[in-house]
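In what follows, a single structure is set out as structure tokens and then discussed.
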Amino acid sequence: MRNTGDRKLKVTARNSPLSLIQVKEVFSALPAVEYDLTGIASFGDKNRDISLMSDSVAGDFFTRELDAALLNGEADVAVHSAKDLPYPLPPGLELYCLTGAEDKTDSLVSRDNQGLRQLPAGARIGTSSVKRKAELLKLRPDLTVVSIRGAIEERIAQVDNGRVDALIVATCALKRLGLTARIAETLPFKTHPLQGNLAVVGRVENPELKAVFSVLDVRRTYGKVTLAGFGPGNPELLTVGADNALRKADVIFHDDLIDKNFTEKYDAEKIRVGKRKGRHSHHQDEINEMIYRATVSGRNTVRLKGGDPMIFAHGREEFDFLKSRFVDVAIIPGISSGTALAACTHIPLTHRGVASSVAFVTGHSAENLQTPDADTLVYYMAGANISAVAEKLIAAGRDVATPVALVCNVSLPGQQTFFSTLKELRFSVFKYPTPVLVVVGEVVSFENGNGACKQNVLVTGTTCEEYDDGRHNITHTPLIRIQKARNDVLHRLLREKTGAYHWIIFTSRYGVRFFFEILDETGLDIRALGAIKIASVGKTTTLELKKHHIRPDVESAVESAEGLVNYFKETGLTDNNILLPRSDKGLKYLSGELEALGNRVTDAPVYENTVNDEAGRQDLSGFRKIFFSSPSGVDAFTRLYGGLPEGIPLVARGKTTENELKLHINETV
């Protein structure tokens with residue numbers, strides 16, 4: 001024999017009739033190679049009571065004993081059905097060759113050779129595959145699928161003796177056993193990609209022996225696969241390695257965001273397989289199949305991904321899909337947008353004395369957002385969930401004043417950077433240009449904390465002092481006017497029912513201001529409030545209360561009505577009389593929620609919101625943010641400007657105002 005000295009090759013395989021025939025098939029193509037065959041009963045052969053439909057079946061169910069024989073030197077090679085091989089192969093073993101497959105279909109074997117459509121309802125169909133079961137029930141949901149084990153001949157015997165009415169078998173197995181007469185029909189099922197292929201496995205340290213089988217290896221006809229990173233978007237940041245792979249490619253599968261004009265210089269066929277939020281040209285399993293089909297057809301294939309193929313890019317999924325089918329895959333790294341933004345915005349992700357750790361996090365799912373304990377956080381794919389990111393980080397203990405940068409189109413001519421804080425983003429509404437990255441941490445202050453990058457902002461509320469934090473160039477255009485209510489509702493309530501209230505809840509500074517004016521007008525003072533508890537919607541309202549020497553019993557932690565509702569829900573407040581001094585246009589959210597808890601709420605309009613007809617229109621193109629302090633301010637803005645602008649972050653003071661913004665831009669609240 002060749003390349004193995006004077007001794008015969010020691011071959012092992014499972015001891016089933018089909019497996020032994022498969023060994024003969026391999027060596028019939030190598031007539032000069034002499035061998036001795038040892039059949040082994042595998043763990044799967046010995047334990048037929050274990051259903052192959054069970055999730056607990058190990059990958060080496062049919063190969064474990066054969067692998068051991070190879071590793072301890074009892075055998076030189078093992079011959080398998082390729083689809084039985086585990087992925088990955090055990091350390092120390094490698095695939096010497098993968099033979100071609102004559103037939104990859106499934107066939108139906110049945111009593112009297114009845115076709116699938118002719119089988120009666122309730123007929124028992126045997127299979128050992130979960131996927132075959134699913135395919136079968138798509139066509140005939142009225143059939144009964146049962147798990148079946150054993151050699152092919154033993155399974156067919158169960159059809160003949162009536163235990164089952166039919167069974168599904170790989171067509172290639174029937175052909176190898178000379179049982180084609182039992183084929184009732186070929187089924188239109190999607191089968192295992194390695195069905196029909198045979199595999200020869202040996203030890204990794206024997207290249208000469210591997211060469212003996214190389215003439216049978218169908219992988220010689222495969223193309224090469226490269227997973228390559230395009231970088232953050234600027235073609236100049238493409239690596240030399242990726243460029244070389246693209247020049248040699250026959251087909252390029254590229255993401256949505258990759259510069260189409262740039263890829264035109266390559267001769268390869270270009271296929272877009274991008275996945276944007278709500279617009280998937282192909283699902284991931286389809287992309288995997290397309291790459292695989294192109295490769296086995298002999299085409300050199302490049303899967304070109306934005307950023308780096310192994311960072312939030314399904315790179316490992318594609319790698320495993322191809323490697324489990326014994327396709328060689330090369331990976332060429334790219335510059336991830338999460339690291340490129342540091343150079344493109346001058347925001348360091350780490351800095352001595354400020355940040356010694358950084359975490360890259362996916363922001364794709366609002367429900368599953370993670371909040372790692374790192375100094376700097378970079379969120380990818382968070383465009384639709386920016387407010388949720390802020391909410392989760394604040395809940396996790398991050399300071400509301402933590403600076404944030406939102407960077408759109410990193411490295412491209414249209415790159416934009418918007419500076420904010422967690423507090424602002426919690427109630428922001430903005431359709432940011434995509435893709436957008438969110439950078440959270442003190443490192444952002446290097447660009448936005450020294451006054452060099454002050455942003456022009458428009459404040460639409462009645463006051464602007466709270467936004468004057470050194471980060472903004474403020475233009476103040478108050479869109480509403482505030483005046484005391486022209487009614488005596490509160491006068492009457494204070495004179496007649498003051499002692500009946502358990503709580504007074506203040507939702508704005510103006511509610512405080514006019515409440516105490518009216519209290520004074522009635523001839524009463526703070527002693528009239530007695531044991532009544534006071535709740536404040538936030539810090540600004542609390543400061544106004546302190547002017548009247550009152551410290552609230554409760555202050556909303558998130559400066560919104562939602563914070564108060566959550567507090568009262570957590571404390572189980574019920575069966576209380578609550579006075580709510582408010583605007584004449586105040587929304588019913590707070591009173592409705594408190595009443596739902598079983599309380600009695602009295603709404604008392606103490607001031608009126610009216611549109612400021614003297615407010616002038618501003619050129620909005622120069623602003624990087626617009627601040628809104630109330631729903632009435634949102635309404636006034638839309639009346640003055642004809643709607644809300646696109647491309648500018650709209651920052652609300654609280655959830656109620658945020659919801660009003662969303663209503664005006666037709667988003668789901």
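By order of appearance in the structure tokens: chains A, B, ..., then residues from 1 within every chain, and ligands from 1 in the order shown.
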
If we count only C-alpha atoms and set the cut-off at 7 Å, which residues sit around Val407 of chain A, ignoring sequence neighbours fewer than 3 positions away in its own chain? Please answer as number ranges by chain.
A: 410, 416-418, 436-438

Got time to write the residues from that selection, N, CA, C and O atoms, as an mmCIF file, in the first residue's frame?
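Listed below is the output, part_31.cif:
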```cif
data_model
loop_
_atom_site.group_PDB
_atom_site.id
_atom_site.type_symbol
_atom_site.label_atom_id
_atom_site.label_comp_id
_atom_site.auth_asym_id
_atom_site.auth_seq_id
_atom_site.Cartn_x
_atom_site.Cartn_y
_atom_site.Cartn_z
ATOM 1 N N VAL A 410 -20.253 57.636 12.369
ATOM 2 C CA VAL A 410 -18.844 57.746 12.747
ATOM 3 C C VAL A 410 -17.941 57.626 11.528
ATOM 4 O O VAL A 410 -18.103 56.723 10.708
ATOM 5 N N GLN A 416 -22.028 63.439 13.117
ATOM 6 C CA GLN A 416 -22.536 64.445 14.051
ATOM 7 C C GLN A 416 -22.375 63.932 15.469
ATOM 8 O O GLN A 416 -22.500 62.732 15.714
ATOM 9 N N THR A 417 -22.108 64.845 16.387
ATOM 10 C CA THR A 417 -22.012 64.490 17.800
ATOM 11 C C THR A 417 -22.965 65.374 18.593
ATOM 12 O O THR A 417 -22.920 66.604 18.488
ATOM 13 N N PHE A 418 -23.837 64.736 19.365
ATOM 14 C CA PHE A 418 -24.780 65.442 20.217
ATOM 15 C C PHE A 418 -24.407 65.159 21.665
ATOM 16 O O PHE A 418 -24.292 64.000 22.062
ATOM 17 N N VAL A 436 -26.099 55.086 15.159
ATOM 18 C CA VAL A 436 -25.724 55.986 16.247
ATOM 19 C C VAL A 436 -25.102 55.166 17.373
ATOM 20 O O VAL A 436 -25.547 54.066 17.678
ATOM 21 N N LEU A 437 -24.056 55.709 17.968
ATOM 22 C CA LEU A 437 -23.405 55.104 19.128
ATOM 23 C C LEU A 437 -23.598 56.024 20.326
ATOM 24 O O LEU A 437 -23.552 57.251 20.194
ATOM 25 N N VAL A 438 -23.821 55.427 21.481
ATOM 26 C CA VAL A 438 -24.033 56.191 22.703
ATOM 27 C C VAL A 438 -22.832 55.961 23.615
ATOM 28 O O VAL A 438 -22.534 54.826 23.987
#
```

Counting only C-alpha atoms, what is within 10 Å of Ala184 of chain A, bar same-chain residues fewer than 3 positions away, as a ChimeraX atom specification?
/A:107-116,166,180-181,187

What would the file look like if the residues just selected were written as a compact mmCIF listing (two decimals), in the first residue's frame with all heavy atoms?
```
# COMPACT_ATOMS: atom_id res chain seq x y z
N SER A 107 -36.46 9.97 1.48
CA SER A 107 -37.49 9.17 0.82
C SER A 107 -38.46 8.62 1.84
O SER A 107 -38.14 8.44 3.02
CB SER A 107 -36.85 8.02 0.03
OG SER A 107 -36.21 8.49 -1.14
N LEU A 108 -39.66 8.32 1.36
CA LEU A 108 -40.69 7.68 2.17
C LEU A 108 -40.70 6.19 1.86
O LEU A 108 -40.77 5.79 0.69
CB LEU A 108 -42.06 8.28 1.87
CG LEU A 108 -43.22 7.76 2.72
CD1 LEU A 108 -43.12 8.34 4.13
CD2 LEU A 108 -44.56 8.12 2.08
N VAL A 109 -40.61 5.38 2.89
CA VAL A 109 -40.78 3.93 2.77
C VAL A 109 -42.09 3.59 3.48
O VAL A 109 -42.28 3.96 4.64
CB VAL A 109 -39.61 3.17 3.43
CG1 VAL A 109 -39.87 1.66 3.43
CG2 VAL A 109 -38.31 3.48 2.69
N SER A 110 -42.99 2.90 2.79
CA SER A 110 -44.30 2.64 3.37
C SER A 110 -44.81 1.27 2.96
O SER A 110 -44.32 0.65 2.00
CB SER A 110 -45.30 3.71 2.91
OG SER A 110 -45.48 3.65 1.51
N ARG A 111 -45.79 0.80 3.69
CA ARG A 111 -46.43 -0.45 3.34
C ARG A 111 -47.21 -0.25 2.05
O ARG A 111 -47.91 0.74 1.87
CB ARG A 111 -47.37 -0.88 4.48
CG ARG A 111 -47.71 -2.37 4.48
CD ARG A 111 -48.56 -2.75 5.67
NE ARG A 111 -47.99 -2.28 6.93
CZ ARG A 111 -48.54 -1.37 7.69
NH1 ARG A 111 -49.65 -0.80 7.34
NH2 ARG A 111 -47.98 -1.01 8.83
N ASP A 112 -47.05 -1.18 1.12
CA ASP A 112 -47.71 -1.12 -0.20
C ASP A 112 -47.25 0.08 -1.02
O ASP A 112 -47.95 0.48 -1.97
CB ASP A 112 -49.23 -1.08 -0.04
CG ASP A 112 -49.77 -2.30 0.70
OD1 ASP A 112 -49.22 -3.40 0.50
OD2 ASP A 112 -50.72 -2.13 1.49
N ASN A 113 -46.10 0.66 -0.64
CA ASN A 113 -45.52 1.80 -1.38
C ASN A 113 -46.51 2.96 -1.57
O ASN A 113 -46.54 3.62 -2.61
CB ASN A 113 -44.99 1.34 -2.75
CG ASN A 113 -43.56 0.85 -2.65
OD1 ASN A 113 -43.09 0.48 -1.58
ND2 ASN A 113 -42.86 0.82 -3.77
N GLN A 114 -47.28 3.24 -0.56
CA GLN A 114 -48.18 4.39 -0.61
C GLN A 114 -47.39 5.69 -0.51
O GLN A 114 -46.46 5.80 0.28
CB GLN A 114 -49.20 4.33 0.54
CG GLN A 114 -50.27 3.28 0.39
CD GLN A 114 -51.25 3.36 1.54
OE1 GLN A 114 -50.87 3.23 2.70
NE2 GLN A 114 -52.53 3.56 1.23
N GLY A 115 -47.80 6.70 -1.30
CA GLY A 115 -47.18 8.00 -1.20
C GLY A 115 -47.68 8.75 0.02
O GLY A 115 -48.63 8.34 0.68
N LEU A 116 -47.04 9.88 0.32
CA LEU A 116 -47.37 10.64 1.52
C LEU A 116 -48.83 11.10 1.50
O LEU A 116 -49.51 11.07 2.52
CB LEU A 116 -46.44 11.85 1.64
CG LEU A 116 -46.54 12.67 2.93
CD1 LEU A 116 -46.23 11.82 4.14
CD2 LEU A 116 -45.60 13.88 2.86
N ALA A 166 -45.20 3.87 7.97
CA ALA A 166 -44.20 4.37 7.01
C ALA A 166 -43.05 4.94 7.80
O ALA A 166 -43.13 5.13 9.02
CB ALA A 166 -44.82 5.44 6.10
N THR A 180 -33.58 0.44 -3.17
CA THR A 180 -34.31 1.50 -3.88
C THR A 180 -35.73 1.08 -4.23
O THR A 180 -36.61 1.94 -4.42
CB THR A 180 -33.57 1.91 -5.16
OG1 THR A 180 -33.33 0.73 -5.96
CG2 THR A 180 -32.24 2.57 -4.83
N ALA A 181 -35.98 -0.22 -4.31
CA ALA A 181 -37.34 -0.69 -4.61
C ALA A 181 -38.32 -0.33 -3.51
O ALA A 181 -39.54 -0.33 -3.72
CB ALA A 181 -37.33 -2.20 -4.83
N LEU A 187 -39.12 12.82 -1.02
CA LEU A 187 -39.81 13.89 -0.30
C LEU A 187 -39.15 15.26 -0.54
O LEU A 187 -37.92 15.34 -0.70
CB LEU A 187 -39.81 13.59 1.20
CG LEU A 187 -40.54 12.28 1.58
CD1 LEU A 187 -40.27 11.94 3.04
CD2 LEU A 187 -42.03 12.40 1.33
```

When you look at segment 27-39 of chain A with a cut-off of 10 Å (counting only C-alpha atoms), what residues show up, excluding the ones that are within fewer than 5 positions of it in the same chain? I need them as a list in words.
Met1, Arg2, Asn3, Thr4, Asp6, Arg7, Lys8, Leu9, Lys10, Val11, Thr12, Ala13, Arg14, Asn15, Ser16, Pro17, Ser19, Leu20, Gln22, Leu66, Glu74, Ala75, Asp76, Val77, Ala78, Val212, Phe213, Val215 and Leu216 of chain A

Per residue of segment 360-477 of chain A within 10 Å of segment 607-625 of chain A, which atom pair is closest and at what distance in Å (one decimal), using only C-alpha atoms, listed by chain and increasing number, as JSON lines?
```
{"residue": "A:Thr417", "atom": "CA", "partner": "A:Arg624", "partner_atom": "CA", "distance": 9.5}
{"residue": "A:Phe418", "atom": "CA", "partner": "A:Arg624", "partner_atom": "CA", "distance": 7.1}
{"residue": "A:Phe419", "atom": "CA", "partner": "A:Arg624", "partner_atom": "CA", "distance": 8.6}
{"residue": "A:Ser420", "atom": "CA", "partner": "A:Lys625", "partner_atom": "CA", "distance": 9.1}
{"residue": "A:Ser428", "atom": "CA", "partner": "A:Lys625", "partner_atom": "CA", "distance": 9.8}
{"residue": "A:Phe430", "atom": "CA", "partner": "A:Lys625", "partner_atom": "CA", "distance": 9.7}
{"residue": "A:Lys454", "atom": "CA", "partner": "A:Arg624", "partner_atom": "CA", "distance": 9.8}
{"residue": "A:Gln455", "atom": "CA", "partner": "A:Arg624", "partner_atom": "CA", "distance": 6.0}
{"residue": "A:Asn456", "atom": "CA", "partner": "A:Phe623", "partner_atom": "CA", "distance": 4.9}
{"residue": "A:Val457", "atom": "CA", "partner": "A:Lys625", "partner_atom": "CA", "distance": 4.9}
{"residue": "A:Leu458", "atom": "CA", "partner": "A:Lys625", "partner_atom": "CA", "distance": 6.4}
{"residue": "A:Val459", "atom": "CA", "partner": "A:Lys625", "partner_atom": "CA", "distance": 8.5}
{"residue": "A:Thr460", "atom": "CA", "partner": "A:Ala615", "partner_atom": "CA", "distance": 9.6}
{"residue": "A:Thr462", "atom": "CA", "partner": "A:Asn612", "partner_atom": "CA", "distance": 10.0}
{"residue": "A:His472", "atom": "CA", "partner": "A:Lys625", "partner_atom": "CA", "distance": 9.4}
{"residue": "A:Asn473", "atom": "CA", "partner": "A:Phe623", "partner_atom": "CA", "distance": 9.4}
{"residue": "A:Ile474", "atom": "CA", "partner": "A:Phe623", "partner_atom": "CA", "distance": 9.4}
{"residue": "A:Thr475", "atom": "CA", "partner": "A:Phe623", "partner_atom": "CA", "distance": 9.1}
{"residue": "A:His476", "atom": "CA", "partner": "A:Ala615", "partner_atom": "CA", "distance": 9.9}
{"residue": "A:Thr477", "atom": "CA", "partner": "A:Ala615", "partner_atom": "CA", "distance": 6.3}
```

As an exercise, work out the distance from atom CA of Phe516 of chain A to atom CA of Leu490 of chain A in Å and give it to one decimal place.
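The value is 10.4 Å.
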
Assign secondary structure with DSSP using the backbone only, and return the residues of segment 188-424 of chain A in strand (DSSP E or B) as a PyMOL selection string.
chain A and resi 198-203+225-231+251-254+269-272+275-276+279-280+301-307+329-332+351+355+358-362+376-380+403-408+416-421

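Minimum atom-to-atom distance to Phe326 of chain A, evaluated using only C-alpha atoms, belongs to A:Lys224 out of A:Arg176, A:His254, A:Lys224, A:Lys655.
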